Structures are given as structure tokens and as C-alpha cells.
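Worksheet: the structure to be examined is printed underneath.
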Amino acid sequence: MKTLDLLPLARFHSFDLLATLVAVVRADGTVLFSNSALEDALGTSRRAIVGSCFADAFTEPLQLKTALTGAQGNTFAAIRYDALLKRVGTEPMPVHVIITCNQLGDEIIVEMVPQEQQTRQDREERLAEQAQTNKELIRNLAHEIKNPLGGIRGAAQLLEMEMESPDLTEYTQVIIREADRLQSLVDRLLAPHRRPHLVGDVNIHEVCERVRSLILAEFPKGLRVVRDYDISIPEFRGDREQLIQTVLNIAHNACQALVERIAAGDANLTFRTRVSRQITFGKQRYRLALELHVIDNGPGVPDSIKDRIFYPLVSGRDGGSGLGLTLAQTFVQQHHGLIEVDSVPGRTDFKILIPLP
């Protein structure tokens, strides 16, 4: 047995709760502790990792050795760089390495964030910032539009009353109708911010079934709706009506994209529910989270709007308002969740993530 196995390292066991890869090493690179995530990533047991030279776990060992020397000399508070971590029987894993020195002893903490995970965290952060920006923009823009709209409509009504020629009322009616149409759009923009958040017990499968019945009523032929449910998912606290509207907006968008396949009779729409465990999103880690997938076999999201699909007034089809997905993202974020999309021709997957108790 290695002597390092006998060291009192119980204080590091909390690192086992992290999704990131963590090793505690000495200044010479000898591993004192490896968390479970690193053990899984390397495909090697903790017993084999502890006591080894950690620099050998990388394709370029010199990078880590140089960083450890810098950390030991207190040259930097933390050192960051990108590297490739070797794995048994598979390709090396690109990771972002963060090295910090433990001031209480001859111990250096090496944290490795898989590049894919880092990219996801960055994307989630951008989505959250984008949603907040959208919220403020919509509120301010809607209020700025609403006041002059009322004046325009009122002036058109007064003008119509003063006209002697009935033929000219056609023009005032155009003004009134267009003002009403814009008023309706403004009301839809403000709706999620006006309506109170009504919280109660929510069964996600009841939500899916309600949406399924609404979709099949609108598209009774040519569309196959598949239910792939994990019935063990518990109820959670949420706004049932908001979640129905969220799933309906996504499903309805999917059906609009499936119009050609519906006509051909081979359109598929799938509702899939799963539970994710120990998942991190929105900069927080959750023990359990709901995964609700809405999947279609349509042409996919156009490349031109993929990065802007949740922006207000951005639509991939003629005549679309571009509000459905914006409202869906707003409603889900009010449940401390988020919506992600993965789309290629023939398969588009909108994934709703919501924390579970």
C-alpha cells in the first residue's frame, strides 16, 4: 500500500460532490487526492492515481510542471491554461486547467473543467444575460409604443366623426385597425411581465397531455405524436398555465416547421421526459432536474437565426411573430430553468431544464 493512502485527506472528500475534475497535488506534482469525477474521466481507479506524477496524465507534462512551479512561488493567485488530459482507451479530453495554491500547507489544487462543459456554461450565461436584456427591452419598448398608439387611434376616431364623405372613412378604419393590431402585439409582449406567477403542484405529464390534445386538434392528420415518459418524475412547484403555454409554443413552432411532412403524412413530434441527476446549469448545481424534450423531424432551425432564436421578433417563417420562443424562455426562467436547442436537418430537439425538489 502506498504511504500516501494513509494521509489524513478526509477534508478533501467534499470534492467528490463536484462535477469538475479535481486533483490535490504536492509541489512536485505527486497526487495526494483525486475526486470521483477525475477518476471517471481518466478511466482509472483513485488508488492508481494517488501517488502518481500528475503531469504524466497530460499530453504535454511540461505545462503542468511549469504551472506548479509558478503556483508554489506565489507568482500568481491562480494559473489558468488549456490542456489535453489523457484517457484510457479513448481520445484525450480538452480541459481548462485552473491551479490554486492552498496556503495552509504544501498542497496545490488542480481543477479541470472539460471544454464542452465550459462552453455550455458560457452559453447558459449568455442566454441568461440575453433573457434579462430582452425583458428590459420589451418592457421599455412596449410602454413607449403603447402611449402614442392610444393617441393615434383616438385621433382617427375623432377624424372619422368629422368627415362628411363616407368614402373617406375607409382610411380612418385602416388607421384604427392597424393601431388595434399593434396594441395586441404590445399586450402580448407585456403579458408575461403583467400576469402574476401562480404557483401550485405541477405534474409535467399532465402538461404534456394537455399540449398533445391541443396540437392533435389543430393537426388531426399526417402528424404522429410520440409519448416517451418517465412516470417516476415527481410533481414540483410551478405555474401550470405558464408551462402549458411554454410547451405549446415550442410544439406549435415545430408543427409549423413540419407542414410539408404533415402534408406527406410522415411528420413526427415527440414529448420525452427524463430526470437528470447532479446537473449544473444557470451557474448552480442541482441534485435533480426535469428534462423535457420536444423533438421533431422537420428541416431544422435555419443557420441564419440559430444564435438568435430566443430573441424577440425573430422568426424562421413568414408571418411569424417571433414571440413564442421568447415567451417560452421567459416562463422557464421564472421556474429557475432554461431552454436549450440542438438542431440539424431532420431532427430538432428543444430541451427544457427545470430543477426538481
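Each chain of the C-alpha cells is named A, B, ... in the order shown, its residues numbered from 1; ligands are numbered from 1 in display order.
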Checklist entry - Using only C-alpha atoms, which residues sit within 7 Å of Lys351 in chain A once same-chain residues fewer than 2 positions away are excluded, as JSON, numbers by chain? => result {"A": [291, 292, 293, 294, 339, 340, 341, 349, 353]}
Item to check | Non-local contacts of Arg261 in chain A (10 Å; only C-alpha atoms; under 2 positions in same chain excluded) as a PyMOL selection string | outcome: chain A and resi 222-223+255+257-259+263-268+297-299
How would the residues just picked look written out with N, CA and C atoms as a PDB file, in the first residue's frame?
ATOM      1  N   GLY A 222     -51.772  13.366 -40.545  1.00  0.00           N
ATOM      2  CA  GLY A 222     -50.401  13.499 -41.036  1.00  0.00           C
ATOM      3  C   GLY A 222     -49.358  13.723 -39.969  1.00  0.00           C
ATOM      4  N   LEU A 223     -49.768  13.837 -38.685  1.00  0.00           N
ATOM      5  CA  LEU A 223     -48.829  14.089 -37.590  1.00  0.00           C
ATOM      6  C   LEU A 223     -48.943  12.980 -36.551  1.00  0.00           C
ATOM      7  N   CYS A 255     -44.639  22.188 -35.326  1.00  0.00           N
ATOM      8  CA  CYS A 255     -45.649  21.780 -36.309  1.00  0.00           C
ATOM      9  C   CYS A 255     -45.665  22.708 -37.519  1.00  0.00           C
ATOM     10  N   ALA A 257     -43.051  24.118 -38.692  1.00  0.00           N
ATOM     11  CA  ALA A 257     -41.885  23.703 -39.485  1.00  0.00           C
ATOM     12  C   ALA A 257     -42.131  22.362 -40.173  1.00  0.00           C
ATOM     13  N   LEU A 258     -43.061  21.566 -39.644  1.00  0.00           N
ATOM     14  CA  LEU A 258     -43.354  20.227 -40.180  1.00  0.00           C
ATOM     15  C   LEU A 258     -44.441  20.230 -41.246  1.00  0.00           C
ATOM     16  N   VAL A 259     -44.860  21.408 -41.689  1.00  0.00           N
ATOM     17  CA  VAL A 259     -46.036  21.485 -42.560  1.00  0.00           C
ATOM     18  C   VAL A 259     -45.912  20.602 -43.803  1.00  0.00           C
ATOM     19  N   ALA A 263     -48.192  17.229 -44.592  1.00  0.00           N
ATOM     20  CA  ALA A 263     -48.895  17.012 -45.865  1.00  0.00           C
ATOM     21  C   ALA A 263     -48.545  15.656 -46.466  1.00  0.00           C
ATOM     22  N   ALA A 264     -47.278  15.230 -46.259  1.00  0.00           N
ATOM     23  CA  ALA A 264     -46.839  13.934 -46.782  1.00  0.00           C
ATOM     24  C   ALA A 264     -47.248  12.780 -45.866  1.00  0.00           C
ATOM     25  N   GLY A 265     -47.664  13.100 -44.633  1.00  0.00           N
ATOM     26  CA  GLY A 265     -48.134  12.066 -43.704  1.00  0.00           C
ATOM     27  C   GLY A 265     -47.053  11.390 -42.896  1.00  0.00           C
ATOM     28  N   ASP A 266     -45.815  11.944 -42.856  1.00  0.00           N
ATOM     29  CA  ASP A 266     -44.738  11.283 -42.104  1.00  0.00           C
ATOM     30  C   ASP A 266     -44.098  12.225 -41.075  1.00  0.00           C
ATOM     31  N   ALA A 267     -44.888  13.144 -40.524  1.00  0.00           N
ATOM     32  CA  ALA A 267     -44.376  14.075 -39.510  1.00  0.00           C
ATOM     33  C   ALA A 267     -44.409  13.420 -38.132  1.00  0.00           C
ATOM     34  N   ASN A 268     -43.330  13.622 -37.361  1.00  0.00           N
ATOM     35  CA  ASN A 268     -43.238  13.070 -36.008  1.00  0.00           C
ATOM     36  C   ASN A 268     -42.925  14.186 -35.016  1.00  0.00           C
ATOM     37  N   ASN A 297     -39.063  15.999 -36.535  1.00  0.00           N
ATOM     38  CA  ASN A 297     -38.239  15.548 -37.670  1.00  0.00           C
ATOM     39  C   ASN A 297     -38.361  16.506 -38.849  1.00  0.00           C
ATOM     40  N   GLY A 298     -38.439  17.789 -38.526  1.00  0.00           N
ATOM     41  CA  GLY A 298     -38.556  18.818 -39.556  1.00  0.00           C
ATOM     42  C   GLY A 298     -37.220  19.218 -40.153  1.00  0.00           C
ATOM     43  N   PRO A 299     -37.194  20.312 -40.910  1.00  0.00           N
ATOM     44  CA  PRO A 299     -35.985  20.716 -41.628  1.00  0.00           C
ATOM     45  C   PRO A 299     -34.903  21.310 -40.747  1.00  0.00           C
TER      46      PRO A 299
END
Item to check | Atomic separation - CA of Leu149 in chain A relative to CA of Arg181 in chain A, Å | outcome: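 Those two atoms sit 10.2 Å apart.
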Item to check | Top pick for closest residue to Gln183 in chain A, considering A:Thr273, A:Thr169, A:Asn147, A:Gln245 and counting only C-alpha atoms | outcome: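 Nearest to Gln183 in chain A: A:Asn147.
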Next on the checklist: Please extract the residues of range 151-323 of chain A with a backbone DSSP assignment of strand (DSSP E or B) and present them as JSON, numbers by chain.
Outcome noted: {"A": [200, 201, 202, 223, 224, 225, 226, 227, 228, 236, 237, 238, 267, 268, 269, 270, 271, 272, 273, 274, 275, 276, 277, 278, 279, 280, 281, 284, 285, 286, 287, 288, 289, 290, 291, 292, 293, 294, 295, 296]}
How would the residues just chosen look if you wrote them out with N, CA and C atoms as a compact mmCIF listing (two decimals), in the first residue's frame?
# COMPACT_ATOMS: atom_id res chain seq x y z
N GLY A 200 -48.28 26.26 -7.94
CA GLY A 200 -49.01 25.12 -7.39
C GLY A 200 -48.26 23.84 -7.74
N ASP A 201 -48.83 22.69 -7.38
CA ASP A 201 -48.22 21.41 -7.72
C ASP A 201 -48.43 21.11 -9.20
N VAL A 202 -47.35 20.76 -9.88
CA VAL A 202 -47.41 20.52 -11.33
C VAL A 202 -46.97 19.10 -11.64
N LEU A 223 -49.77 13.84 -38.69
CA LEU A 223 -48.83 14.09 -37.59
C LEU A 223 -48.94 12.98 -36.55
N ARG A 224 -47.80 12.37 -36.24
CA ARG A 224 -47.75 11.33 -35.21
C ARG A 224 -47.07 11.93 -33.97
N VAL A 225 -47.78 11.93 -32.86
CA VAL A 225 -47.23 12.48 -31.61
C VAL A 225 -46.83 11.31 -30.71
N VAL A 226 -45.55 11.22 -30.41
CA VAL A 226 -44.99 10.11 -29.62
C VAL A 226 -44.81 10.56 -28.18
N ARG A 227 -45.25 9.72 -27.24
CA ARG A 227 -45.06 9.99 -25.82
C ARG A 227 -44.01 9.05 -25.27
N ASP A 228 -42.94 9.60 -24.74
CA ASP A 228 -41.84 8.82 -24.16
C ASP A 228 -41.61 9.38 -22.76
N PHE A 236 -43.73 18.95 -8.93
CA PHE A 236 -42.91 20.04 -8.42
C PHE A 236 -43.75 21.30 -8.38
N ARG A 237 -43.25 22.30 -7.68
CA ARG A 237 -43.97 23.56 -7.56
C ARG A 237 -43.70 24.43 -8.77
N GLY A 238 -44.78 24.91 -9.41
CA GLY A 238 -44.61 25.74 -10.58
C GLY A 238 -45.94 26.32 -11.03
N ALA A 267 -44.89 13.14 -40.52
CA ALA A 267 -44.38 14.07 -39.51
C ALA A 267 -44.41 13.42 -38.13
N ASN A 268 -43.33 13.62 -37.36
CA ASN A 268 -43.24 13.07 -36.01
C ASN A 268 -42.93 14.19 -35.02
N LEU A 269 -43.63 14.16 -33.90
CA LEU A 269 -43.38 15.07 -32.80
C LEU A 269 -43.31 14.22 -31.53
N THR A 270 -42.22 14.37 -30.78
CA THR A 270 -42.00 13.52 -29.60
C THR A 270 -41.91 14.37 -28.34
N PHE A 271 -42.65 13.95 -27.30
CA PHE A 271 -42.51 14.51 -25.96
C PHE A 271 -41.76 13.47 -25.12
N ARG A 272 -40.58 13.83 -24.66
CA ARG A 272 -39.77 12.89 -23.87
C ARG A 272 -39.42 13.53 -22.53
N THR A 273 -39.67 12.82 -21.44
CA THR A 273 -39.33 13.33 -20.10
C THR A 273 -38.31 12.40 -19.45
N ARG A 274 -37.34 13.02 -18.81
CA ARG A 274 -36.30 12.29 -18.09
C ARG A 274 -35.90 13.06 -16.84
N VAL A 275 -35.20 12.39 -15.94
CA VAL A 275 -34.63 13.05 -14.76
C VAL A 275 -33.13 13.08 -14.92
N SER A 276 -32.53 14.26 -14.75
CA SER A 276 -31.07 14.40 -14.73
C SER A 276 -30.62 14.52 -13.28
N ARG A 277 -29.53 13.85 -12.97
CA ARG A 277 -29.00 13.88 -11.61
C ARG A 277 -27.66 14.59 -11.57
N GLN A 278 -27.46 15.35 -10.50
CA GLN A 278 -26.21 16.10 -10.30
C GLN A 278 -25.86 16.90 -11.56
N ILE A 279 -26.75 17.79 -11.93
CA ILE A 279 -26.58 18.57 -13.15
C ILE A 279 -26.37 20.04 -12.79
N THR A 280 -25.51 20.69 -13.55
CA THR A 280 -25.23 22.10 -13.33
C THR A 280 -25.75 22.91 -14.51
N PHE A 281 -26.55 23.92 -14.22
CA PHE A 281 -26.95 24.89 -15.24
C PHE A 281 -27.34 26.18 -14.53
N GLN A 284 -25.63 27.03 -11.19
CA GLN A 284 -25.96 26.31 -9.97
C GLN A 284 -25.99 24.81 -10.23
N ARG A 285 -25.69 24.07 -9.19
CA ARG A 285 -25.73 22.61 -9.30
C ARG A 285 -26.98 22.10 -8.60
N TYR A 286 -27.69 21.18 -9.28
CA TYR A 286 -28.93 20.65 -8.74
C TYR A 286 -28.83 19.13 -8.60
N ARG A 287 -29.37 18.64 -7.51
CA ARG A 287 -29.36 17.19 -7.29
C ARG A 287 -30.22 16.49 -8.32
N LEU A 288 -31.40 17.06 -8.60
CA LEU A 288 -32.31 16.50 -9.60
C LEU A 288 -32.87 17.62 -10.46
N ALA A 289 -33.09 17.33 -11.73
CA ALA A 289 -33.71 18.31 -12.62
C ALA A 289 -34.55 17.57 -13.66
N LEU A 290 -35.66 18.20 -14.03
CA LEU A 290 -36.51 17.68 -15.09
C LEU A 290 -35.90 18.00 -16.45
N GLU A 291 -35.86 17.01 -17.33
CA GLU A 291 -35.52 17.23 -18.73
C GLU A 291 -36.76 16.92 -19.56
N LEU A 292 -37.30 17.94 -20.20
CA LEU A 292 -38.44 17.74 -21.11
C LEU A 292 -37.98 18.08 -22.52
N HIS A 293 -37.98 17.06 -23.39
CA HIS A 293 -37.57 17.25 -24.77
C HIS A 293 -38.80 17.32 -25.67
N VAL A 294 -38.80 18.30 -26.56
CA VAL A 294 -39.79 18.38 -27.64
C VAL A 294 -39.01 18.23 -28.94
N ILE A 295 -39.19 17.07 -29.59
CA ILE A 295 -38.34 16.70 -30.74
C ILE A 295 -39.20 16.56 -31.98
N ASP A 296 -38.74 17.12 -33.09
CA ASP A 296 -39.46 16.97 -34.35
C ASP A 296 -38.50 16.53 -35.45
Item to check | Phe12 in chain A environment, 12 Å, only C-alpha atoms, sequence neighbours closer than 2 positions dropped, as a ChimeraX atom specification | outcome: /A:7-10,14-18,22-25,32-36,102,107-109
Checklist entry - Just how far from CA of Ala41 in chain A is CA of Val88 in chain A, in Å to one decimal? => result 8.8 Å
